[in-house]
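Text of coords-v4.pdb (PDB, C-alpha atoms) as supplied:
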```pdb
ATOM      1  CA  MET Y  67       0.000   0.000   0.000
ATOM      2  CA  SER Y  68       1.400   3.284  -0.912
ATOM      3  CA  ARG Y  69       1.098   6.431   1.132
ATOM      4  CA  THR Y  70       1.728  10.098   0.525
ATOM      5  CA  TYR Y  71       4.920  11.471   2.025
ATOM      6  CA  GLU Y  72       6.286  14.934   2.467
ATOM      7  CA  ILE Y  73      10.013  14.957   1.791
ATOM      8  CA  MET Y  74      12.207  17.957   2.570
ATOM      9  CA  TYR Y  75      15.681  17.890   1.080
ATOM     10  CA  LEU Y  76      18.572  20.086   2.087
ATOM     11  CA  LEU Y  77      20.596  20.453  -1.094
ATOM     12  CA  ASP Y  78      24.200  21.469  -1.469
ATOM     13  CA  ASN Y  79      24.393  24.952  -3.011
ATOM     14  CA  ASN Y  80      27.297  23.920  -5.254
ATOM     15  CA  VAL Y  81      24.979  21.441  -6.967
ATOM     16  CA  VAL Y  82      22.203  24.043  -7.184
ATOM     17  CA  ARG Y  83      24.577  26.556  -8.747
ATOM     18  CA  ALA Y  84      25.452  24.038 -11.468
ATOM     19  CA  GLY Y  85      21.790  23.924 -12.488
ATOM     20  CA  TRP Y  86      18.560  23.936 -10.540
ATOM     21  CA  LYS Y  87      16.666  21.621 -12.876
ATOM     22  CA  GLU Y  88      19.366  18.984 -12.703
ATOM     23  CA  ALA Y  89      19.612  19.283  -8.931
ATOM     24  CA  LYS Y  90      15.859  18.977  -8.573
ATOM     25  CA  ALA Y  91      15.651  16.058 -11.008
ATOM     26  CA  GLY Y  92      18.446  14.303  -9.147
ATOM     27  CA  ALA Y  93      16.615  14.584  -5.837
ATOM     28  CA  THR Y  94      13.129  13.751  -7.048
ATOM     29  CA  GLY Y  95      14.434  11.044  -9.369
ATOM     30  CA  LEU Y  96      15.319   9.011  -6.292
ATOM     31  CA  ILE Y  97      11.619   8.821  -5.395
ATOM     32  CA  GLU Y  98      10.822   7.333  -8.779
ATOM     33  CA  LYS Y  99      13.811   5.042  -8.585
ATOM     34  CA  HIS Y 100      12.349   3.457  -5.464
ATOM     35  CA  GLY Y 101       9.003   2.768  -7.042
ATOM     36  CA  GLY Y 102       7.329   6.023  -6.081
ATOM     37  CA  LYS Y 103       5.533   8.831  -7.847
ATOM     38  CA  VAL Y 104       6.405  12.507  -7.513
ATOM     39  CA  LEU Y 105       3.253  14.557  -6.852
ATOM     40  CA  ALA Y 106       4.829  17.963  -6.258
ATOM     41  CA  ALA Y 107       8.299  19.433  -5.892
ATOM     42  CA  ARG Y 108       9.439  23.008  -5.495
ATOM     43  CA  ARG Y 109      12.190  25.169  -4.117
ATOM     44  CA  TRP Y 110      11.116  26.065  -0.612
ATOM     45  CA  ASP Y 111      13.888  28.422   0.377
ATOM     46  CA  GLU Y 112      17.572  29.214   0.246
ATOM     47  CA  ARG Y 113      18.919  30.335   3.548
ATOM     48  CA  MET Y 114      21.693  30.525   6.062
ATOM     49  CA  LEU Y 115      21.914  27.358   8.150
ATOM     50  CA  ALA Y 116      21.594  27.584  11.904
ATOM     51  CA  TYR Y 117      24.809  25.594  12.167
ATOM     52  CA  PRO Y 118      27.303  24.485   9.506
ATOM     53  CA  ILE Y 119      26.770  21.081   7.909
ATOM     54  CA  ARG Y 120      29.774  19.609   6.061
ATOM     55  CA  GLN Y 121      31.442  23.049   5.992
ATOM     56  CA  ARG Y 122      28.380  24.623   4.336
ATOM     57  CA  ARG Y 123      26.882  27.734   5.886
ATOM     58  CA  ARG Y 124      24.068  28.061   3.334
ATOM     59  CA  ALA Y 125      21.899  25.519   1.538
ATOM     60  CA  THR Y 126      18.773  25.218  -0.581
ATOM     61  CA  TYR Y 127      15.610  23.546   0.673
ATOM     62  CA  LEU Y 128      13.576  21.450  -1.746
ATOM     63  CA  LEU Y 129      10.088  20.428  -0.649
ATOM     64  CA  ALA Y 130       8.633  17.419  -2.450
ATOM     65  CA  TYR Y 131       5.528  15.304  -2.081
ATOM     66  CA  GLY Y 132       5.511  11.743  -3.335
ATOM     67  CA  GLU Y 133       3.674   8.465  -3.169
ATOM     68  CA  LEU Y 134       5.733   5.544  -1.945
ATOM     69  CA  ASP Y 135       5.242   2.176  -0.309
ATOM     70  CA  ALA Y 136       6.974   1.235   2.939
ATOM     71  CA  ALA Y 137       9.800  -0.661   1.265
ATOM     72  CA  GLY Y 138      10.334   2.280  -1.073
ATOM     73  CA  VAL Y 139      10.728   4.671   1.858
ATOM     74  CA  ALA Y 140      13.312   2.431   3.487
ATOM     75  CA  GLY Y 141      15.234   2.235   0.225
ATOM     76  CA  LEU Y 142      14.973   5.983  -0.292
ATOM     77  CA  ARG Y 143      16.327   6.692   3.188
ATOM     78  CA  ARG Y 144      19.245   4.353   2.579
ATOM     79  CA  GLU Y 145      20.096   6.015  -0.694
ATOM     80  CA  LEU Y 146      19.669   9.569   0.620
ATOM     81  CA  ASP Y 147      22.137   8.769   3.394
ATOM     82  CA  LEU Y 148      24.703   7.978   0.704
ATOM     83  CA  THR Y 149      23.879  10.873  -1.639
ATOM     84  CA  GLU Y 150      26.467  13.609  -1.257
ATOM     85  CA  SER Y 151      24.396  16.402  -2.801
ATOM     86  CA  VAL Y 152      21.718  15.968  -0.113
ATOM     87  CA  LEU Y 153      23.024  17.362   3.172
ATOM     88  CA  ARG Y 154      19.942  16.441   5.223
ATOM     89  CA  TYR Y 155      16.448  15.143   4.585
ATOM     90  CA  LEU Y 156      13.199  14.743   6.455
ATOM     91  CA  ILE Y 157      10.486  12.291   5.426
ATOM     92  CA  LEU Y 158       7.055  12.701   6.994
ATOM     93  CA  SER Y 159       3.811  11.011   6.118
ATOM     94  CA  ALA Y 160       1.209  13.466   4.840
ATOM     95  CA  GLU Y 161      -2.518  13.052   4.448
ATOM     96  CA  SER Y 162      -2.597  14.743   1.080
ATOM     97  CA  VAL Y 163      -0.731  17.255  -1.025
ATOM     98  CA  PRO Y 164      -1.782  20.818  -0.140
ATOM     99  CA  ALA Y 165      -3.383  22.620  -3.069
ATOM    100  CA  GLU Y 166      -0.928  25.512  -2.814
ATOM    101  CA  GLU Y 167       2.004  23.140  -3.213
ATOM    102  CA  LEU Y 168       0.552  21.863  -6.484
ATOM    103  CA  ALA Y 169       0.067  25.430  -7.688
ATOM    104  CA  LEU Y 170       3.621  26.419  -6.726
ATOM    105  CA  THR Y 171       5.004  23.326  -8.428
ATOM    106  CA  GLN Y 172       3.186  24.272 -11.606
ATOM    107  CA  ALA Y 173       4.464  27.828 -11.367
ATOM    108  CA  GLU Y 174       8.013  26.562 -10.994
ATOM    109  CA  SER Y 175       7.791  24.209 -13.950
ATOM    110  CA  ALA Y 176       6.802  27.105 -16.222
ATOM    111  CA  ALA Y 177       9.445  27.851 -18.854
ATOM    112  CA  ASP Y 178      10.108  31.431 -17.781
ATOM    113  CA  PHE Y 179      10.588  30.622 -14.100
ATOM    114  CA  VAL Y 180      14.106  31.435 -12.977
ATOM    115  CA  ILE Y 181      15.609  30.365  -9.688
ATOM    116  CA  PRO Y 182      17.854  33.032  -8.152
ATOM    117  CA  LEU Y 183      21.417  31.805  -7.917
ATOM    118  CA  PRO Y 184      22.452  31.017  -4.360
ATOM    119  CA  PRO Y 185      24.992  33.513  -3.017
ATOM    120  CA  GLU Y 186      28.544  32.463  -2.368
ATOM    121  CA  ASP Y 187      29.061  30.541   0.808
ATOM    122  CA  ARG Y 188      30.891  32.935   3.053
ATOM    123  CA  ILE Y 189      32.591  30.328   5.170
ATOM    124  CA  ASP Y 190      36.065  31.345   3.968
ATOM    125  CA  GLU Y 191      35.393  35.020   4.566
ATOM    126  CA  ASP Y 192      34.196  34.209   8.059
ATOM    127  CA  TYR Y 193      37.372  32.329   8.775
ATOM    128  CA  ASP Y 194      39.356  35.263   7.403
ATOM    129  CA  ASP Y 195      37.511  37.573   9.765
ATOM    130  CA  GLU Y 196      38.417  35.435  12.716
ATOM    131  CA  GLU Y 197      42.010  35.231  11.590
ATOM    132  CA  ALA Y 198      42.078  38.995  11.081
ATOM    133  CA  GLU Y 199      40.834  39.487  14.620
ATOM    134  CA  GLU Y 200      43.447  37.122  15.922
ATOM    135  CA  GLY Y 201      46.046  38.935  13.814
ATOM    136  CA  ALA Y 202      45.031  42.246  15.375
ATOM    137  CA  GLY Y 203      45.439  40.690  18.789
ATOM    138  CA  GLU Y 204      48.871  39.241  18.046
ATOM    139  CA  PRO Y 205      50.995  42.397  18.487
ATOM    140  CA  GLU Y 206      49.534  42.834  21.965
ATOM    141  CA  LEU Y 207      50.374  39.233  22.757
ATOM    142  CA  ASP Y 208      53.901  39.737  21.456
ATOM    143  CA  GLU Y 209      54.411  42.771  23.628
ATOM    144  CA  ALA Y 210      53.181  40.798  26.594
ATOM    145  CA  THR Y 211      55.453  37.856  25.880
ATOM    146  CA  VAL Y 212      58.578  39.845  25.048
ATOM    147  CA  PRO Y 213      59.184  41.187  28.575
ATOM    148  CA  ALA Y 214      58.555  37.709  29.931
ATOM    149  CA  ALA Y 215      61.084  36.266  27.504
ATOM    150  CA  GLU Y 216      63.824  38.798  28.276
ATOM    151  CA  PRO Y 217      64.497  37.696  31.835
ATOM    152  CA  ALA Y 218      64.659  34.114  30.591
ATOM    153  CA  GLY Y 219      67.323  35.203  28.099
ATOM    154  CA  GLU Y 220      69.326  36.957  30.813
ATOM    155  CA  GLU Y 221      69.328  33.872  32.960
ATOM    156  CA  ALA Y 222      70.613  31.805  30.073
TER     157      ALA Y 222
ATOM    158  CA  MET R 173      -4.058  36.940  42.314
ATOM    159  CA  GLY R 174      -2.789  40.043  43.967
ATOM    160  CA  PHE R 175      -1.650  40.781  47.459
ATOM    161  CA  GLU R 176      -2.962  43.492  49.641
ATOM    162  CA  ARG R 177      -0.416  46.095  50.501
ATOM    163  CA  SER R 178      -0.648  45.067  54.137
ATOM    164  CA  ASP R 179       0.295  41.448  53.268
ATOM    165  CA  ARG R 180       3.626  42.420  51.820
ATOM    166  CA  GLY R 181       5.512  43.403  54.892
ATOM    167  CA  GLU R 182       7.356  46.612  55.315
ATOM    168  CA  ARG R 183       9.713  46.339  52.366
ATOM    169  CA  GLY R 184       7.084  45.076  49.922
ATOM    170  CA  ASP R 185       9.426  42.405  48.515
ATOM    171  CA  ARG R 186       7.126  39.377  48.459
ATOM    172  CA  PHE R 187       7.997  37.101  45.521
ATOM    173  CA  GLU R 188       5.612  37.038  42.589
ATOM    174  CA  ALA R 189       6.128  34.563  39.758
ATOM    175  CA  PRO R 190       6.708  36.326  36.463
ATOM    176  CA  THR R 191       3.875  36.178  33.972
ATOM    177  CA  TYR R 192       4.417  35.620  30.271
ATOM    178  CA  GLU R 193       2.335  36.513  27.297
ATOM    179  CA  LYS R 194       0.682  33.458  25.789
ATOM    180  CA  ILE R 195       1.591  32.534  22.251
ATOM    181  CA  LYS R 196      -1.491  32.571  20.091
ATOM    182  CA  VAL R 197      -1.366  29.794  17.505
ATOM    183  CA  GLN R 198      -3.622  27.551  15.520
ATOM    184  CA  ASP R 199      -2.899  23.827  15.490
ATOM    185  CA  GLN R 200      -2.153  23.865  11.777
ATOM    186  CA  ASP R 201       0.493  26.569  12.276
ATOM    187  CA  LEU R 202       2.582  24.372  14.559
ATOM    188  CA  HIS R 203       4.885  22.692  12.089
ATOM    189  CA  TYR R 204       8.612  22.739  11.392
ATOM    190  CA  LYS R 205       8.352  25.065   8.382
ATOM    191  CA  ASN R 206       6.914  27.892  10.458
ATOM    192  CA  VAL R 207      10.347  29.028  11.584
ATOM    193  CA  GLU R 208       9.313  32.523  12.652
ATOM    194  CA  LEU R 209       6.815  31.105  15.141
ATOM    195  CA  LEU R 210       9.209  28.461  16.452
ATOM    196  CA  LYS R 211      11.860  31.127  17.040
ATOM    197  CA  LYS R 212       9.526  32.760  19.552
ATOM    198  CA  CYS R 213       9.387  29.491  21.495
ATOM    199  CA  ILE R 214      13.132  29.085  22.030
ATOM    200  CA  GLY R 215      15.453  31.041  24.247
ATOM    201  CA  GLY R 216      18.612  32.956  23.494
ATOM    202  CA  GLN R 217      20.709  29.803  23.797
ATOM    203  CA  GLY R 218      18.312  27.700  21.718
ATOM    204  CA  GLN R 219      16.493  25.937  24.542
ATOM    205  CA  MET R 220      12.771  25.258  24.250
ATOM    206  CA  PHE R 221      10.490  27.276  26.479
ATOM    207  CA  SER R 222       8.415  25.445  29.041
ATOM    208  CA  ARG R 223       4.639  25.392  29.005
ATOM    209  CA  ARG R 224       4.692  28.163  31.566
ATOM    210  CA  ARG R 225       6.511  30.350  29.068
ATOM    211  CA  THR R 226       4.576  29.357  25.943
ATOM    212  CA  GLY R 227       1.155  29.119  27.585
ATOM    213  CA  LEU R 228       0.271  26.123  25.410
ATOM    214  CA  SER R 229      -1.801  23.101  26.375
ATOM    215  CA  ALA R 230       0.053  19.844  27.012
ATOM    216  CA  GLN R 231      -1.078  18.515  23.666
ATOM    217  CA  ARG R 232       0.051  21.559  21.738
ATOM    218  CA  GLN R 233       3.324  21.757  23.628
ATOM    219  CA  ARG R 234       4.019  18.198  22.448
ATOM    220  CA  ILE R 235       3.333  19.212  18.847
ATOM    221  CA  LEU R 236       5.590  22.237  19.312
ATOM    222  CA  LYS R 237       8.356  20.042  20.724
ATOM    223  CA  GLN R 238       8.218  17.777  17.698
ATOM    224  CA  ALA R 239       8.226  20.761  15.335
ATOM    225  CA  ILE R 240      11.268  22.332  17.020
ATOM    226  CA  LYS R 241      13.174  19.050  16.880
ATOM    227  CA  ARG R 242      12.423  18.637  13.188
ATOM    228  CA  ALA R 243      13.464  22.211  12.477
ATOM    229  CA  ARG R 244      16.732  21.643  14.349
ATOM    230  CA  HIS R 245      17.498  18.568  12.280
ATOM    231  CA  LEU R 246      17.163  20.630   9.094
ATOM    232  CA  ALA R 247      19.334  23.427  10.512
ATOM    233  CA  LEU R 248      16.402  25.853  10.541
ATOM    234  CA  LEU R 249      16.907  26.321  14.273
ATOM    235  CA  PRO R 250      20.061  25.951  16.333
ATOM    236  CA  PHE R 251      20.558  23.152  18.850
ATOM    237  CA  VAL R 252      22.596  25.523  20.939
ATOM    238  CA  GLU R 253      23.803  29.048  20.379
TER     239      GLU R 253
END
```

Kindly present the structure from the file in structure tokens form.
Amino acid sequence: MSRTYEIMYLLDNNVVRAGWKEAKAGATGLIEKHGGKVLAARRWDERMLAYPIRQRRRATYLLAYGELDAAGVAGLRRELDLTESVLRYLILSAESVPAEELALTQAESAADFVIPLPPEDRIDEDYDDEEAEEGAGEPELDEATVPAAEPAGEEA
Amino acid sequence: MGFERSDRGERGDRFEAPTYEKIKVQDQDLHYKNVELLKKCIGGQGQMFSRRRTGLSAQRQRILKQAIKRARHLALLPFVE
């Protein structure tokens, strides 16, 4: 017996940047691969993560609805665990597909619909900031350590 | 539940439990995608608020708990900040 499931994917922005349609097809294709049917799929959001996952600070959320049987869900979970482009996923059973999701899916599949490119992940910049702060603190540390080192030199 | 002035003693420092504004929500709004609402139900360090803070019924608090945990898994909310 197949049921309707709500599946939220957390996609790697590098894959999204290479092409949204391919990224989406790759994620929803897994549902079909495990004997399911995709009822709706759309980009939910692109946002800053509350905590970094695999060195990513930002990621794209893909919300899909599909029909799967129990064995299909187990297989899908197993495969999603191994899929590198999917950072996280959440599978919930749903009573039905909300009407607005169907409408938004249709809107997204229109030819002139363009997904905004995800901004650059600023993880490197953030690290630079921290290093810069540490760098600013270093001269003070040096001054503090130099007097301490001088007596040691005199003793030697 | 108030105290008469005369009950309070000379310094007027009798303890009164703080009161919190109840969060007004519909059942259908309590899900993991409603991040703005869930943010109101966690503290500055990411901890969930108790029923006393949220003012929810036991049943709704349970739904809220589940929603917050799902949102944390998807990095919509922090585990700890």

Next item on the list: Return as number ranges by chain the set of residues that the PyMOL selection byres ((chain R) within 6 of (chain Y)) yields on the displayed structure.
Entry: R: 247-250

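Here the PyMOL selection byres ((chain R and resi 193) around 10) captures the residues Thr191, Tyr192, Lys194, Ile195, Lys196, Arg224, Arg225, Thr226 and Gly227 of chain R.
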
Check: So which residues get picked by the PyMOL selection byres ((chain R and resi 235) around 12) here, written as a count of residues only?
Finding: 24

Note to self: What does the structure give for the distance between CA of Leu134 in chain Y and CA of Ser68 in chain Y, in Å to one decimal?
What the structure shows: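 CA of Ser68 in chain Y lies 5.0 Å from CA of Leu134 in chain Y.
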
Next item on the list: Excluding Lys103 in chain Y and any residue of its chain fewer than 4 positions from it, enumerate the residues within 10 Å of it, using all atoms listed in the file, and give them as a PyMOL selection string.
Entry: chain Y and resi 68+70+94-99+131-134

With N, CA and C atoms as the goal, would you fill in the gaps in range 190-206 of chain R and present it as a CSV table (one decimal), keeping the file's coordinate frame?
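Just written: part_9.csv:
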```csv
chain,number,residue,atom,x,y,z
R,190,PRO,N,6.9,35.5,37.7
R,190,PRO,CA,6.7,36.3,36.5
R,190,PRO,C,5.6,35.8,35.6
R,191,THR,N,4.9,36.6,34.9
R,191,THR,CA,3.9,36.2,34.0
R,191,THR,C,4.4,36.4,32.6
R,192,TYR,N,4.0,35.5,31.7
R,192,TYR,CA,4.4,35.6,30.3
R,192,TYR,C,3.2,35.7,29.4
R,193,GLU,N,3.4,36.4,28.3
R,193,GLU,CA,2.3,36.5,27.3
R,193,GLU,C,2.2,35.2,26.6
R,194,LYS,N,0.9,34.7,26.5
R,194,LYS,CA,0.7,33.5,25.8
R,194,LYS,C,0.9,33.6,24.3
R,195,ILE,N,1.4,32.5,23.7
R,195,ILE,CA,1.6,32.5,22.3
R,195,ILE,C,0.3,32.1,21.6
R,196,LYS,N,-0.2,32.9,20.7
R,196,LYS,CA,-1.5,32.6,20.1
R,196,LYS,C,-1.2,31.8,18.8
R,197,VAL,N,-1.6,30.6,18.7
R,197,VAL,CA,-1.4,29.8,17.5
R,197,VAL,C,-2.6,28.9,17.2
R,198,GLN,N,-2.7,28.6,15.9
R,198,GLN,CA,-3.6,27.6,15.5
R,198,GLN,C,-2.9,26.2,15.4
R,199,ASP,N,-3.6,25.1,15.6
R,199,ASP,CA,-2.9,23.8,15.5
R,199,ASP,C,-2.2,23.6,14.2
R,200,GLN,N,-2.8,24.1,13.1
R,200,GLN,CA,-2.2,23.9,11.8
R,200,GLN,C,-0.9,24.7,11.6
R,201,ASP,N,-0.7,25.7,12.4
R,201,ASP,CA,0.5,26.6,12.3
R,201,ASP,C,1.7,25.9,13.0
R,202,LEU,N,1.5,25.0,13.8
R,202,LEU,CA,2.6,24.4,14.6
R,202,LEU,C,3.2,23.3,13.7
R,203,HIS,N,4.1,23.7,12.8
R,203,HIS,CA,4.9,22.7,12.1
R,203,HIS,C,6.3,23.2,11.9
R,204,TYR,N,7.2,22.4,11.4
R,204,TYR,CA,8.6,22.7,11.4
R,204,TYR,C,8.9,23.8,10.4
R,205,LYS,N,8.0,24.1,9.4
R,205,LYS,CA,8.4,25.1,8.4
R,205,LYS,C,8.0,26.5,8.8
R,206,ASN,N,7.3,26.6,9.9
R,206,ASN,CA,6.9,27.9,10.5
R,206,ASN,C,8.0,28.4,11.4
```
